[in-house]
>>> print(open('my_file01.tsv').read())   # TSV, C-alpha atoms
chain	number	residue	atom	x	y	z
A	1	MET	CA	0.00	0.00	0.00
A	2	GLY	CA	1.68	3.21	-1.17
A	3	THR	CA	1.37	6.69	0.30
A	4	ARG	CA	-0.18	9.23	-2.01
A	5	ARG	CA	-0.57	12.97	-1.75
A	6	VAL	CA	-4.31	13.53	-2.11
A	7	ALA	CA	-6.11	16.87	-2.51
A	8	PHE	CA	-9.82	17.26	-1.77
A	9	VAL	CA	-11.55	20.26	-3.33
A	10	GLU	CA	-14.84	21.09	-1.60
A	11	PHE	CA	-15.99	24.60	-2.43
A	12	THR	CA	-18.83	24.80	0.10
A	13	PRO	CA	-17.66	24.64	3.75
A	14	SER	CA	-20.87	23.16	5.19
A	15	GLY	CA	-23.70	20.80	4.32
A	16	GLY	CA	-23.93	17.13	3.50
A	17	LEU	CA	-21.37	17.04	0.67
A	18	PHE	CA	-18.83	18.88	2.79
A	19	GLN	CA	-19.44	16.57	5.74
A	20	PHE	CA	-19.00	13.50	3.55
A	21	SER	CA	-15.76	14.80	2.04
A	22	ALA	CA	-14.33	15.87	5.40
A	23	GLN	CA	-14.92	12.42	6.88
A	24	LEU	CA	-13.61	10.61	3.80
A	25	ALA	CA	-10.50	12.80	3.93
A	26	GLY	CA	-9.99	11.76	7.55
A	27	GLY	CA	-10.38	8.12	6.58
A	28	MET	CA	-7.81	8.42	3.83
A	29	ALA	CA	-5.33	10.05	6.19
A	30	ALA	CA	-5.92	7.12	8.54
A	31	VAL	CA	-4.90	4.63	5.83
A	32	GLY	CA	-1.66	6.53	5.29
A	33	ASP	CA	-2.27	9.14	2.60
A	34	GLU	CA	-1.00	12.70	2.87
A	35	VAL	CA	-4.27	14.62	2.65
A	36	HIS	CA	-4.88	18.30	1.89
A	37	PHE	CA	-8.46	19.57	2.12
A	38	TYR	CA	-9.32	22.85	0.37
A	39	THR	CA	-12.61	24.56	1.19
A	40	GLY	CA	-14.29	27.89	1.96
A	41	PRO	CA	-14.27	30.04	5.10
A	42	ASP	CA	-15.26	28.87	8.59
A	43	PRO	CA	-15.84	25.17	7.81
A	44	GLU	CA	-18.41	23.57	10.10
A	45	LEU	CA	-16.16	20.55	10.74
A	46	GLY	CA	-12.47	20.63	11.50
A	47	ALA	CA	-9.90	18.14	10.29
A	48	GLN	CA	-11.14	14.64	11.08
A	49	HIS	CA	-7.63	13.19	11.47
A	50	PRO	CA	-4.28	14.70	12.49
A	51	GLY	CA	-2.98	13.77	9.04
A	52	VAL	CA	-5.42	16.09	7.26
A	53	ALA	CA	-4.16	19.58	6.42
A	54	LEU	CA	-7.31	21.72	6.33
A	55	HIS	CA	-7.02	24.85	4.15
A	56	ALA	CA	-10.10	27.11	4.53
A	57	VAL	CA	-8.86	29.50	1.86
A	58	LEU	CA	-11.36	29.47	-1.01
A	59	PRO	CA	-13.52	32.62	-1.45
A	60	THR	CA	-16.81	30.71	-1.40
A	61	TRP	CA	-19.94	30.75	0.74
A	62	HIS	CA	-22.01	28.54	3.01
A	63	PRO	CA	-24.99	26.91	1.26
A	64	ALA	CA	-27.05	27.54	4.40
A	65	ASP	CA	-27.66	31.06	3.11
A	66	THR	CA	-31.17	30.32	1.83
A	67	GLU	CA	-33.20	33.26	3.12
A	68	PRO	CA	-35.80	34.38	0.55
A	69	VAL	CA	-34.81	37.56	-1.28
A	70	GLY	CA	-36.25	39.72	-4.04
A	71	LYS	CA	-35.51	39.15	-7.73
A	72	LEU	CA	-33.04	42.04	-7.98
A	73	VAL	CA	-31.09	40.95	-4.90
A	74	LYS	CA	-31.10	37.38	-6.18
A	75	LYS	CA	-29.63	38.48	-9.53
A	76	VAL	CA	-26.93	40.55	-7.84
A	77	ARG	CA	-26.09	37.73	-5.45
A	78	ARG	CA	-25.92	35.25	-8.32
A	79	ALA	CA	-23.48	37.49	-10.20
A	80	LEU	CA	-21.34	37.97	-7.10
A	81	ARG	CA	-21.23	34.26	-6.43
A	82	ALA	CA	-20.29	33.51	-10.02
A	83	GLY	CA	-17.36	35.86	-9.52
A	84	GLN	CA	-16.47	34.16	-6.23
A	85	LEU	CA	-16.55	30.75	-7.87
A	86	ALA	CA	-14.30	31.94	-10.69
A	87	LEU	CA	-11.81	33.29	-8.16
A	88	ALA	CA	-12.05	30.06	-6.20
A	89	TRP	CA	-11.15	28.03	-9.28
A	90	VAL	CA	-8.18	30.31	-9.99
A	91	LYS	CA	-7.00	29.77	-6.42
A	92	VAL	CA	-7.51	26.00	-6.71
A	93	LEU	CA	-5.33	25.90	-9.82
A	94	TRP	CA	-2.62	27.90	-8.06
A	95	LEU	CA	-2.75	25.71	-4.95
A	96	LEU	CA	-2.66	22.48	-6.93
A	97	ALA	CA	0.25	23.77	-9.02
A	98	ARG	CA	2.18	24.30	-5.77
A	99	LEU	CA	1.14	21.03	-4.14
A	100	ARG	CA	1.51	18.73	-7.16
A	101	PRO	CA	-0.76	16.04	-5.68
A	102	ASP	CA	-0.93	12.47	-6.88
A	103	ALA	CA	-4.74	12.62	-6.83
A	104	VAL	CA	-7.51	15.22	-6.72
A	105	ILE	CA	-11.05	14.45	-5.54
A	106	TRP	CA	-14.23	16.51	-5.97
A	107	SER	CA	-17.80	15.78	-4.82
A	108	SER	CA	-19.89	18.02	-7.06
A	109	TRP	CA	-19.81	19.78	-10.41
A	110	ARG	CA	-22.83	21.93	-11.22
A	111	PHE	CA	-21.75	24.62	-13.66
A	112	SER	CA	-19.93	25.06	-16.95
A	113	MET	CA	-17.24	26.87	-14.95
A	114	ASP	CA	-16.69	23.69	-12.94
A	115	ALA	CA	-16.16	21.73	-16.14
A	116	ALA	CA	-13.65	24.31	-17.39
A	117	GLY	CA	-11.82	24.16	-14.06
A	118	VAL	CA	-11.57	20.37	-14.14
A	119	LEU	CA	-10.20	20.41	-17.68
A	120	ALA	CA	-7.64	23.03	-16.62
A	121	VAL	CA	-6.56	20.77	-13.75
A	122	ARG	CA	-6.25	17.90	-16.21
A	123	ARG	CA	-3.80	19.94	-18.29
A	124	LEU	CA	-1.98	21.20	-15.20
A	125	LEU	CA	-1.57	17.73	-13.65
A	126	PRO	CA	-1.41	15.24	-16.53
A	127	LYS	CA	-0.05	12.42	-14.33
A	128	ALA	CA	-2.40	12.92	-11.37
A	129	ALA	CA	-5.44	10.74	-10.80
A	130	LEU	CA	-8.58	12.88	-10.96
A	131	ALA	CA	-11.73	11.54	-9.32
A	132	LEU	CA	-15.30	12.56	-8.56
A	133	VAL	CA	-17.56	11.25	-5.80
A	134	ALA	CA	-20.84	11.61	-7.69
A	135	HIS	CA	-23.55	11.94	-5.07
A	136	GLU	CA	-25.80	13.10	-7.91
A	137	PRO	CA	-24.76	11.68	-11.31
A	138	VAL	CA	-26.52	14.59	-13.05
A	139	PRO	CA	-26.95	18.21	-11.92
A	140	ARG	CA	-30.36	19.23	-10.65
A	141	VAL	CA	-32.44	22.41	-10.94
A	142	ARG	CA	-32.07	24.14	-7.58
A	143	ALA	CA	-35.61	25.54	-7.59
A	144	ASP	CA	-37.10	22.12	-8.41
A	145	THR	CA	-34.76	19.27	-7.58
A	146	THR	CA	-37.03	16.72	-9.27
A	147	LYS	CA	-35.73	18.09	-12.60
A	148	GLU	CA	-32.34	17.65	-14.25
A	149	ARG	CA	-30.37	20.70	-15.39
A	150	HIS	CA	-29.52	20.92	-19.07
A	151	GLY	CA	-27.93	23.56	-21.28
A	152	ARG	CA	-26.34	23.92	-24.68
A	153	VAL	CA	-23.05	24.86	-23.04
A	154	LEU	CA	-23.46	22.97	-19.76
A	155	ASP	CA	-24.08	19.48	-21.17
A	156	PRO	CA	-21.09	19.19	-23.54
A	157	ALA	CA	-18.80	20.96	-21.05
A	158	LEU	CA	-19.65	18.59	-18.22
A	159	LYS	CA	-19.41	15.60	-20.56
A	160	LYS	CA	-15.82	16.57	-21.44
A	161	ALA	CA	-14.99	16.99	-17.76
A	162	TRP	CA	-16.44	13.60	-16.83
A	163	GLN	CA	-14.59	11.93	-19.70
A	164	SER	CA	-11.27	13.52	-18.67
A	165	ILE	CA	-11.07	11.94	-15.21
A	166	ASP	CA	-9.71	8.63	-14.05
A	167	ALA	CA	-12.24	7.31	-11.52
A	168	VAL	CA	-15.81	7.97	-10.47
A	169	PHE	CA	-17.21	6.86	-7.12
A	170	VAL	CA	-20.96	6.49	-6.65
A	171	LEU	CA	-23.13	5.37	-3.75
A	172	GLY	CA	-25.24	2.72	-5.50
A	173	GLU	CA	-25.80	0.68	-8.63
A	174	ALA	CA	-28.61	2.90	-9.93
A	175	ALA	CA	-26.32	5.93	-9.69
A	176	ARG	CA	-23.57	3.99	-11.45
A	177	ALA	CA	-25.84	3.13	-14.37
A	178	LYS	CA	-27.06	6.71	-14.62
A	179	ALA	CA	-23.54	8.16	-14.67
A	180	ILE	CA	-22.37	5.81	-17.42
A	181	GLU	CA	-25.50	6.39	-19.52
A	182	ARG	CA	-25.55	10.18	-19.20
A	183	TRP	CA	-21.84	10.94	-19.64
A	184	GLU	CA	-20.69	7.94	-21.73
A	185	ILE	CA	-17.65	7.47	-19.53
A	186	THR	CA	-15.19	4.61	-19.84
A	187	CYS	CA	-13.13	5.11	-16.67
A	188	PRO	CA	-13.84	2.87	-13.65
A	189	VAL	CA	-17.15	3.72	-11.94
A	190	LEU	CA	-17.00	2.17	-8.49
A	191	VAL	CA	-19.79	1.76	-5.94
A	192	ILE	CA	-18.64	2.65	-2.42
A	193	PRO	CA	-20.54	2.76	0.90
A	194	HIS	CA	-21.61	6.16	2.16
A	195	GLY	CA	-19.79	5.90	5.47
A	196	ASP	CA	-21.06	6.74	8.94
A	197	GLU	CA	-21.70	10.20	10.38
A	198	ALA	CA	-19.61	9.86	13.53
A	199	ALA	CA	-18.40	13.45	13.20
A	200	LEU	CA	-21.99	14.64	13.73
A	201	ARG	CA	-22.92	12.32	16.60
A	202	GLY	CA	-21.09	14.27	19.27
A	203	ALA	CA	-20.20	13.04	22.72
A	204	GLY	CA	-23.55	13.41	24.48
A	205	PRO	CA	-25.41	10.47	26.02
A	206	LEU	CA	-27.68	8.53	23.69
A	207	ARG	CA	-30.73	6.52	24.62
A	208	GLY	CA	-31.75	3.59	22.48
A	209	ALA	CA	-34.73	4.05	20.17
A	210	ALA	CA	-36.81	1.83	22.48
A	211	GLU	CA	-36.38	4.34	25.30
A	212	THR	CA	-37.62	7.41	23.43
A	213	GLU	CA	-41.01	9.04	23.13
A	214	PRO	CA	-43.00	8.34	19.91
A	215	VAL	CA	-41.26	11.03	17.86
A	216	VAL	CA	-40.85	10.98	14.06
A	217	LEU	CA	-37.98	13.03	12.62
A	218	PHE	CA	-37.68	14.32	9.07
A	219	PHE	CA	-34.20	15.81	8.70
A	220	GLY	CA	-32.63	17.56	5.73
A	221	ALA	CA	-33.33	20.15	3.08
A	222	TRP	CA	-36.95	20.85	2.23
A	223	THR	CA	-36.84	20.18	-1.49
A	224	ALA	CA	-39.42	19.01	-3.99
A	225	TYR	CA	-38.23	15.42	-4.25
A	226	LYS	CA	-38.06	14.71	-0.52
A	227	GLY	CA	-41.82	14.35	-0.10
A	228	ILE	CA	-42.55	16.48	2.96
A	229	ASP	CA	-46.07	16.95	1.62
A	230	LEU	CA	-46.50	13.16	1.56
A	231	LEU	CA	-45.39	12.97	5.18
A	232	PHE	CA	-47.93	15.65	6.07
A	233	ASP	CA	-50.61	13.62	4.28
A	234	ALA	CA	-49.76	10.69	6.55
A	235	VAL	CA	-49.82	12.63	9.84
A	236	PRO	CA	-53.60	12.39	10.59
A	237	ALA	CA	-53.66	8.60	10.09
A	238	VAL	CA	-50.63	8.19	12.38
A	239	LYS	CA	-52.09	10.35	15.11
A	240	GLU	CA	-55.40	8.50	14.92
A	241	LYS	CA	-53.64	5.28	15.93
A	242	VAL	CA	-50.85	6.79	18.06
A	243	PRO	CA	-52.43	9.90	19.62
A	244	ASP	CA	-49.27	10.99	21.44
A	245	ALA	CA	-47.10	10.78	18.29
A	246	ARG	CA	-45.05	13.89	17.54
A	247	PHE	CA	-43.44	14.98	14.28
A	248	VAL	CA	-40.36	17.16	13.85
A	249	VAL	CA	-39.38	18.50	10.42
A	250	ALA	CA	-36.02	20.30	10.35
A	251	GLY	CA	-33.86	21.61	7.52
A	252	SER	CA	-33.12	24.34	5.01
A	253	VAL	CA	-35.84	25.44	2.60
A	254	LEU	CA	-34.70	25.01	-1.02
A	255	GLY	CA	-37.01	25.67	-3.94
A	256	VAL	CA	-40.33	24.95	-2.20
A	257	ASP	CA	-43.00	27.04	-0.52
A	258	GLY	CA	-41.45	27.26	2.93
A	259	PRO	CA	-44.13	29.50	4.49
A	260	GLY	CA	-46.87	27.30	3.03
A	261	LEU	CA	-45.31	24.12	4.37
A	262	THR	CA	-44.73	25.74	7.74
A	263	ALA	CA	-48.35	26.87	7.93
A	264	ARG	CA	-49.57	23.39	7.04
A	265	ALA	CA	-47.26	21.90	9.64
A	266	ARG	CA	-48.67	24.23	12.27
A	267	ALA	CA	-52.23	23.22	11.35
A	268	LEU	CA	-51.27	19.53	11.73
A	269	GLY	CA	-49.45	20.05	15.01
A	270	VAL	CA	-46.07	19.29	13.41
A	271	ASP	CA	-42.98	20.92	14.92
A	272	ALA	CA	-41.55	22.64	11.82
A	273	ARG	CA	-38.03	24.06	12.08
A	274	PRO	CA	-37.13	25.67	8.75
A	275	GLY	CA	-33.50	26.71	8.42
A	276	TYR	CA	-30.09	25.14	8.28
A	277	VAL	CA	-29.42	22.87	11.27
A	278	ALA	CA	-26.08	23.60	12.92
A	279	THR	CA	-23.92	20.57	13.60
A	280	GLU	CA	-24.17	21.07	17.36
A	281	ASP	CA	-27.97	20.78	17.18
A	282	ILE	CA	-28.05	17.48	15.28
A	283	HIS	CA	-27.46	15.29	18.33
A	284	GLY	CA	-30.53	16.59	20.13
A	285	LEU	CA	-32.81	16.04	17.15
A	286	PHE	CA	-31.79	12.44	16.58
A	287	ALA	CA	-31.44	11.53	20.25
A	288	ASP	CA	-35.08	12.51	20.85
A	289	ALA	CA	-36.46	10.61	17.84
A	290	ARG	CA	-37.74	7.05	17.80
A	291	VAL	CA	-37.81	6.80	14.03
A	292	VAL	CA	-36.38	8.78	11.09
A	293	VAL	CA	-38.45	9.10	7.93
A	294	THR	CA	-37.29	9.67	4.33
A	295	PRO	CA	-40.46	9.80	2.16
A	296	TYR	CA	-38.50	10.65	-0.99
A	297	ARG	CA	-39.95	10.62	-4.50
A	298	ARG	CA	-36.51	9.92	-5.96
A	299	ALA	CA	-33.03	9.41	-4.57
A	300	THR	CA	-29.55	8.25	-5.42
A	301	GLN	CA	-28.51	7.58	-1.84
A	302	SER	CA	-29.25	9.26	1.48
A	303	GLY	CA	-26.82	10.58	4.05
A	304	VAL	CA	-29.81	10.96	6.36
A	305	VAL	CA	-30.23	7.17	6.47
A	306	HIS	CA	-26.59	6.77	7.50
A	307	LEU	CA	-26.99	9.56	10.02
A	308	ALA	CA	-29.98	7.74	11.51
A	309	TYR	CA	-27.96	4.53	11.79
A	310	THR	CA	-25.13	6.48	13.43
A	311	PHE	CA	-27.65	7.42	16.13
A	312	GLU	CA	-29.05	3.85	16.25
A	313	ARG	CA	-32.40	4.92	14.83
A	314	PRO	CA	-34.54	2.89	12.42
A	315	VAL	CA	-35.63	4.43	9.13
A	316	VAL	CA	-38.96	4.38	7.33
A	317	ALA	CA	-38.07	5.02	3.70
A	318	THR	CA	-39.61	4.89	0.26
A	319	ALA	CA	-38.16	2.23	-2.03
A	320	VAL	CA	-36.59	4.55	-4.59
A	321	GLY	CA	-33.15	4.71	-6.19
A	322	ASP	CA	-30.42	2.99	-4.21
A	323	ILE	CA	-32.10	3.40	-0.82
A	324	PRO	CA	-33.26	-0.26	-0.70
A	325	SER	CA	-29.58	-1.26	-0.73
A	326	VAL	CA	-29.08	0.33	2.69
A	327	VAL	CA	-32.53	0.22	4.30
A	328	GLN	CA	-33.07	-3.51	4.77
A	329	ASP	CA	-36.80	-3.99	5.07
A	330	GLY	CA	-37.68	-5.47	8.45
A	331	VAL	CA	-34.01	-5.51	9.51
A	332	THR	CA	-32.75	-1.92	9.79
A	333	GLY	CA	-35.99	-0.15	8.90
A	334	LEU	CA	-39.16	-0.40	6.86
A	335	LEU	CA	-39.57	0.22	3.13
A	336	VAL	CA	-42.79	1.53	1.57
A	337	THR	CA	-43.87	2.32	-1.96
A	338	PRO	CA	-43.33	5.94	-3.01
A	339	ASP	CA	-46.20	8.43	-3.21
A	340	ASP	CA	-48.32	6.32	-0.84
A	341	PRO	CA	-49.20	8.24	2.36
A	342	ALA	CA	-51.31	5.36	3.69
A	343	ALA	CA	-48.41	2.90	3.46
A	344	LEU	CA	-46.11	5.51	4.99
A	345	ALA	CA	-48.51	6.01	7.90
A	346	ASP	CA	-48.82	2.26	8.51
A	347	ALA	CA	-45.03	1.82	8.68
A	348	LEU	CA	-44.63	4.77	11.05
A	349	VAL	CA	-47.39	3.45	13.30
A	350	ARG	CA	-45.72	0.05	13.42
A	351	LEU	CA	-42.52	1.49	14.89
A	352	LEU	CA	-44.12	4.17	17.06
A	353	ALA	CA	-46.41	1.61	18.66
A	354	ASP	CA	-43.64	-0.95	19.19
A	355	PRO	CA	-40.63	0.63	20.92
A	356	ALA	CA	-38.87	-2.73	21.21
A	357	LEU	CA	-39.02	-3.24	17.45
A	358	ALA	CA	-37.75	0.30	16.86
A	359	GLY	CA	-34.84	-0.39	19.20
A	360	LYS	CA	-34.02	-3.68	17.50
A	361	LEU	CA	-34.02	-2.19	14.01
A	362	GLY	CA	-32.04	0.85	15.12
A	363	ALA	CA	-29.35	-1.33	16.69
A	364	ALA	CA	-29.19	-3.46	13.55
A	365	GLY	CA	-28.65	-0.34	11.43
A	366	ALA	CA	-25.76	0.76	13.65
A	367	ALA	CA	-24.21	-2.71	13.47
A	368	TRP	CA	-24.49	-2.80	9.66
A	369	LEU	CA	-22.91	0.63	9.44
A	370	ALA	CA	-19.94	-0.43	11.58
A	371	GLU	CA	-19.41	-3.64	9.63
A	372	VAL	CA	-19.91	-2.51	6.05
A	373	ALA	CA	-19.80	1.26	5.77
A	374	SER	CA	-17.19	2.58	8.20
A	375	TRP	CA	-14.92	5.37	6.95
A	376	PRO	CA	-11.79	3.17	7.12
A	377	ALA	CA	-13.53	0.69	4.80
A	378	VAL	CA	-14.66	3.43	2.40
A	379	ALA	CA	-11.28	5.15	2.43
A	380	GLN	CA	-9.43	1.93	1.68
A	381	GLN	CA	-11.57	1.35	-1.40
A	382	VAL	CA	-10.95	4.89	-2.64
A	383	HIS	CA	-7.22	4.66	-1.89
A	384	ASP	CA	-6.89	1.37	-3.79
A	385	ALA	CA	-8.79	2.74	-6.79
A	386	LEU	CA	-6.57	5.83	-6.95
A	387	GLU	CA	-3.47	3.63	-6.65
A	388	SER	CA	-4.38	1.87	-9.88
A	389	ALA	CA	-5.89	4.86	-11.71
A	390	ARG	CA	-2.62	6.49	-12.82
A	391	PRO	CA	1.10	5.79	-12.42
>>> encode(input="my_file01.tsv", output="structure tokens")
Amino acid sequence: MGTRRVAFVEFTPSGGLFQFSAQLAGGMAAVGDEVHFYTGPDPELGAQHPGVALHAVLPTWHPADTEPVGKLVKKVRRALRAGQLALAWVKVLWLLARLRPDAVIWSSWRFSMDAAGVLAVRRLLPKAALALVAHEPVPRVRADTTKERHGRVLDPALKKAWQSIDAVFVLGEAARAKAIERWEITCPVLVIPHGDEAALRGAGPLRGAAETEPVVLFFGAWTAYKGIDLLFDAVPAVKEKVPDARFVVAGSVLGVDGPGLTARARALGVDARPGYVATEDIHGLFADARVVVTPYRRATQSGVVHLAYTFERPVVATAVGDIPSVVQDGVTGLLVTPDDPAALADALVRLLADPALAGKLGAAGAAWLAEVASWPAVAQQVHDALESARP
């Protein structure tokens, strides 16, 4: 096993993609790589291993800035951020030219500028292994994440970028098939586990799911594909059978009617908490929940499922995308058909009314995570793939 100098480029210094990359970087340092992690200001997680050199030097922004603004302000902000991203790419090129890493890893490309930056890195570092962890194999429309983004410049630019790299890592077989179909890539496309979320668990005491009150937690961004409206449709049926059931919905509002959803939540007696959840508040949310729900209409994979398992909580999930590969029905959680509030309600009632079953499934999820999807296991797979990608 050789030591490689690995650079992670993560423009946004908070959120799920950042958290994933920070923990993967720590795992790769643990297996012996020299790791440099480049990101924006005030990252919400520090270096996850002493061997990670964290460089919070890119002029980017936190994605938690989702407050609604007027059209003019939105246009000005978009122009400013485009300028920031351009400067960030210039700085990345300068930093990589100084570092001369053996490998560079990204987790997201959304814009034509990203494609141009990747191709510039390819020319700058012809012998380096370039890799992408493709959480989403195709870019999505921010205002409606059920839709793919396309463009006459964007599509061919991203296709060239994808075809210039040496390895792609995805979180499931469906994502693998989508990436190969959309971008016509010939480099290795490897399925890796998501990894745990130990960096977000904290050190506070944790009761088992069997010892909690009947609380359902929806955690994560309020976006069109995540089915919050379907969860709300299921609430009356759940409360009819479990009158003391409580629902908590927490996360940033992205591209949906936040005030409308909040008003509906209030009418249903749901505890709605719109806004980005700080890392220090995550422990309390999951520690108080008996079950975590992901009523998604589509998905590649879900960090929320792995976060639930990290807190030993069972998951009620819709059987979409690659989620059935990690939510084992009747073992670590319950799977239901998508767009079916009645089935969703029945599954939630089953776990809310049976604390012992919730505890059993939650413990099984934590055990699966430790055995199959620990960061050392994920990092070793990535390290080995980069070893063989380029000389």
>>> residues_around(input="my_file01.tsv", residues="A:Ala250", least_positions_apart="5", cutoff="9 Å", atoms="all atoms listed in the file", output="PyMOL selection string")
chain A and resi 217-222+271-277+285
>>> closest_residue(input="my_file01.tsv", among="A:Ala22, A:Val52, A:Val326, A:Val304", to="A:Val35", atoms="all atoms listed in the file")
A:Val52
>>> atom_distance(input="my_file01.tsv", atom1="atom CA of A:Val256", atom2="atom CA of A:Pro13")
23.4 Å
>>> atom_distance(input="my_file01.tsv", atom1="atom CA of A:Trp106", atom2="atom CA of A:Gly321")
22.3 Å
>>> closest_residue(input="my_file01.tsv", among="A:Gly32, A:Pro139, A:Pro193, A:Pro205", to="A:Asp322", atoms="all atoms listed in the file")
A:Pro193
>>> atom_distance(input="my_file01.tsv", atom1="atom CA of A:Glu44", atom2="atom CA of A:Ala134")
21.6 Å
>>> decode(input="my_file01.tsv", residues="stretch 243-259 of chain A", atoms="N, CA, C and O atoms", output="PDB file, in the first residue's frame")
ATOM      1  N   PRO A 243     -52.040   8.518  19.329  1.00  0.00           N
ATOM      2  CA  PRO A 243     -52.429   9.902  19.619  1.00  0.00           C
ATOM      3  C   PRO A 243     -51.302  10.772  20.162  1.00  0.00           C
ATOM      4  O   PRO A 243     -51.312  11.999  19.949  1.00  0.00           O
ATOM      5  N   ASP A 244     -50.349  10.168  20.869  1.00  0.00           N
ATOM      6  CA  ASP A 244     -49.271  10.987  21.435  1.00  0.00           C
ATOM      7  C   ASP A 244     -48.063  11.089  20.502  1.00  0.00           C
ATOM      8  O   ASP A 244     -46.994  11.581  20.907  1.00  0.00           O
ATOM      9  N   ALA A 245     -48.204  10.662  19.254  1.00  0.00           N
ATOM     10  CA  ALA A 245     -47.101  10.776  18.290  1.00  0.00           C
ATOM     11  C   ALA A 245     -46.797  12.242  18.018  1.00  0.00           C
ATOM     12  O   ALA A 245     -47.694  13.080  17.923  1.00  0.00           O
ATOM     13  N   ARG A 246     -45.499  12.533  17.880  1.00  0.00           N
ATOM     14  CA  ARG A 246     -45.050  13.887  17.542  1.00  0.00           C
ATOM     15  C   ARG A 246     -44.158  13.829  16.312  1.00  0.00           C
ATOM     16  O   ARG A 246     -43.443  12.855  16.093  1.00  0.00           O
ATOM     17  N   PHE A 247     -44.218  14.896  15.521  1.00  0.00           N
ATOM     18  CA  PHE A 247     -43.444  14.983  14.284  1.00  0.00           C
ATOM     19  C   PHE A 247     -42.560  16.223  14.338  1.00  0.00           C
ATOM     20  O   PHE A 247     -43.018  17.311  14.703  1.00  0.00           O
ATOM     21  N   VAL A 248     -41.298  16.050  13.957  1.00  0.00           N
ATOM     22  CA  VAL A 248     -40.355  17.161  13.851  1.00  0.00           C
ATOM     23  C   VAL A 248     -39.809  17.176  12.432  1.00  0.00           C
ATOM     24  O   VAL A 248     -39.342  16.142  11.927  1.00  0.00           O
ATOM     25  N   VAL A 249     -39.876  18.335  11.782  1.00  0.00           N
ATOM     26  CA  VAL A 249     -39.376  18.499  10.415  1.00  0.00           C
ATOM     27  C   VAL A 249     -38.364  19.631  10.443  1.00  0.00           C
ATOM     28  O   VAL A 249     -38.716  20.785  10.696  1.00  0.00           O
ATOM     29  N   ALA A 250     -37.081  19.304  10.199  1.00  0.00           N
ATOM     30  CA  ALA A 250     -36.017  20.296  10.355  1.00  0.00           C
ATOM     31  C   ALA A 250     -35.097  20.301   9.150  1.00  0.00           C
ATOM     32  O   ALA A 250     -34.662  19.244   8.688  1.00  0.00           O
ATOM     33  N   GLY A 251     -34.803  21.498   8.627  1.00  0.00           N
ATOM     34  CA  GLY A 251     -33.863  21.606   7.523  1.00  0.00           C
ATOM     35  C   GLY A 251     -34.035  22.884   6.728  1.00  0.00           C
ATOM     36  O   GLY A 251     -35.016  23.620   6.900  1.00  0.00           O
ATOM     37  N   SER A 252     -33.078  23.155   5.863  1.00  0.00           N
ATOM     38  CA  SER A 252     -33.122  24.341   5.011  1.00  0.00           C
ATOM     39  C   SER A 252     -34.248  24.238   3.995  1.00  0.00           C
ATOM     40  O   SER A 252     -34.625  23.144   3.571  1.00  0.00           O
ATOM     41  N   VAL A 253     -34.771  25.382   3.591  1.00  0.00           N
ATOM     42  CA  VAL A 253     -35.841  25.444   2.601  1.00  0.00           C
ATOM     43  C   VAL A 253     -35.215  25.770   1.248  1.00  0.00           C
ATOM     44  O   VAL A 253     -34.624  26.832   1.071  1.00  0.00           O
ATOM     45  N   LEU A 254     -35.335  24.842   0.286  1.00  0.00           N
ATOM     46  CA  LEU A 254     -34.705  25.012  -1.017  1.00  0.00           C
ATOM     47  C   LEU A 254     -35.716  24.760  -2.136  1.00  0.00           C
ATOM     48  O   LEU A 254     -36.089  23.617  -2.402  1.00  0.00           O
ATOM     49  N   GLY A 255     -36.193  25.816  -2.752  1.00  0.00           N
ATOM     50  CA  GLY A 255     -37.010  25.668  -3.941  1.00  0.00           C
ATOM     51  C   GLY A 255     -38.436  25.210  -3.702  1.00  0.00           C
ATOM     52  O   GLY A 255     -39.092  24.750  -4.631  1.00  0.00           O
ATOM     53  N   VAL A 256     -38.932  25.284  -2.476  1.00  0.00           N
ATOM     54  CA  VAL A 256     -40.328  24.948  -2.196  1.00  0.00           C
ATOM     55  C   VAL A 256     -40.956  26.105  -1.424  1.00  0.00           C
ATOM     56  O   VAL A 256     -40.277  27.039  -1.000  1.00  0.00           O
ATOM     57  N   ASP A 257     -42.252  26.009  -1.230  1.00  0.00           N
ATOM     58  CA  ASP A 257     -43.001  27.039  -0.521  1.00  0.00           C
ATOM     59  C   ASP A 257     -42.814  26.849   0.981  1.00  0.00           C
ATOM     60  O   ASP A 257     -43.624  26.198   1.642  1.00  0.00           O
ATOM     61  N   GLY A 258     -41.742  27.414   1.511  1.00  0.00           N
ATOM     62  CA  GLY A 258     -41.447  27.261   2.929  1.00  0.00           C
ATOM     63  C   GLY A 258     -42.550  27.767   3.835  1.00  0.00           C
ATOM     64  O   GLY A 258     -42.996  27.042   4.743  1.00  0.00           O
ATOM     65  N   PRO A 259     -43.040  29.005   3.637  1.00  0.00           N
ATOM     66  CA  PRO A 259     -44.126  29.500   4.492  1.00  0.00           C
ATOM     67  C   PRO A 259     -45.378  28.638   4.399  1.00  0.00           C
ATOM     68  O   PRO A 259     -46.052  28.395   5.406  1.00  0.00           O
TER      69      PRO A 259
END
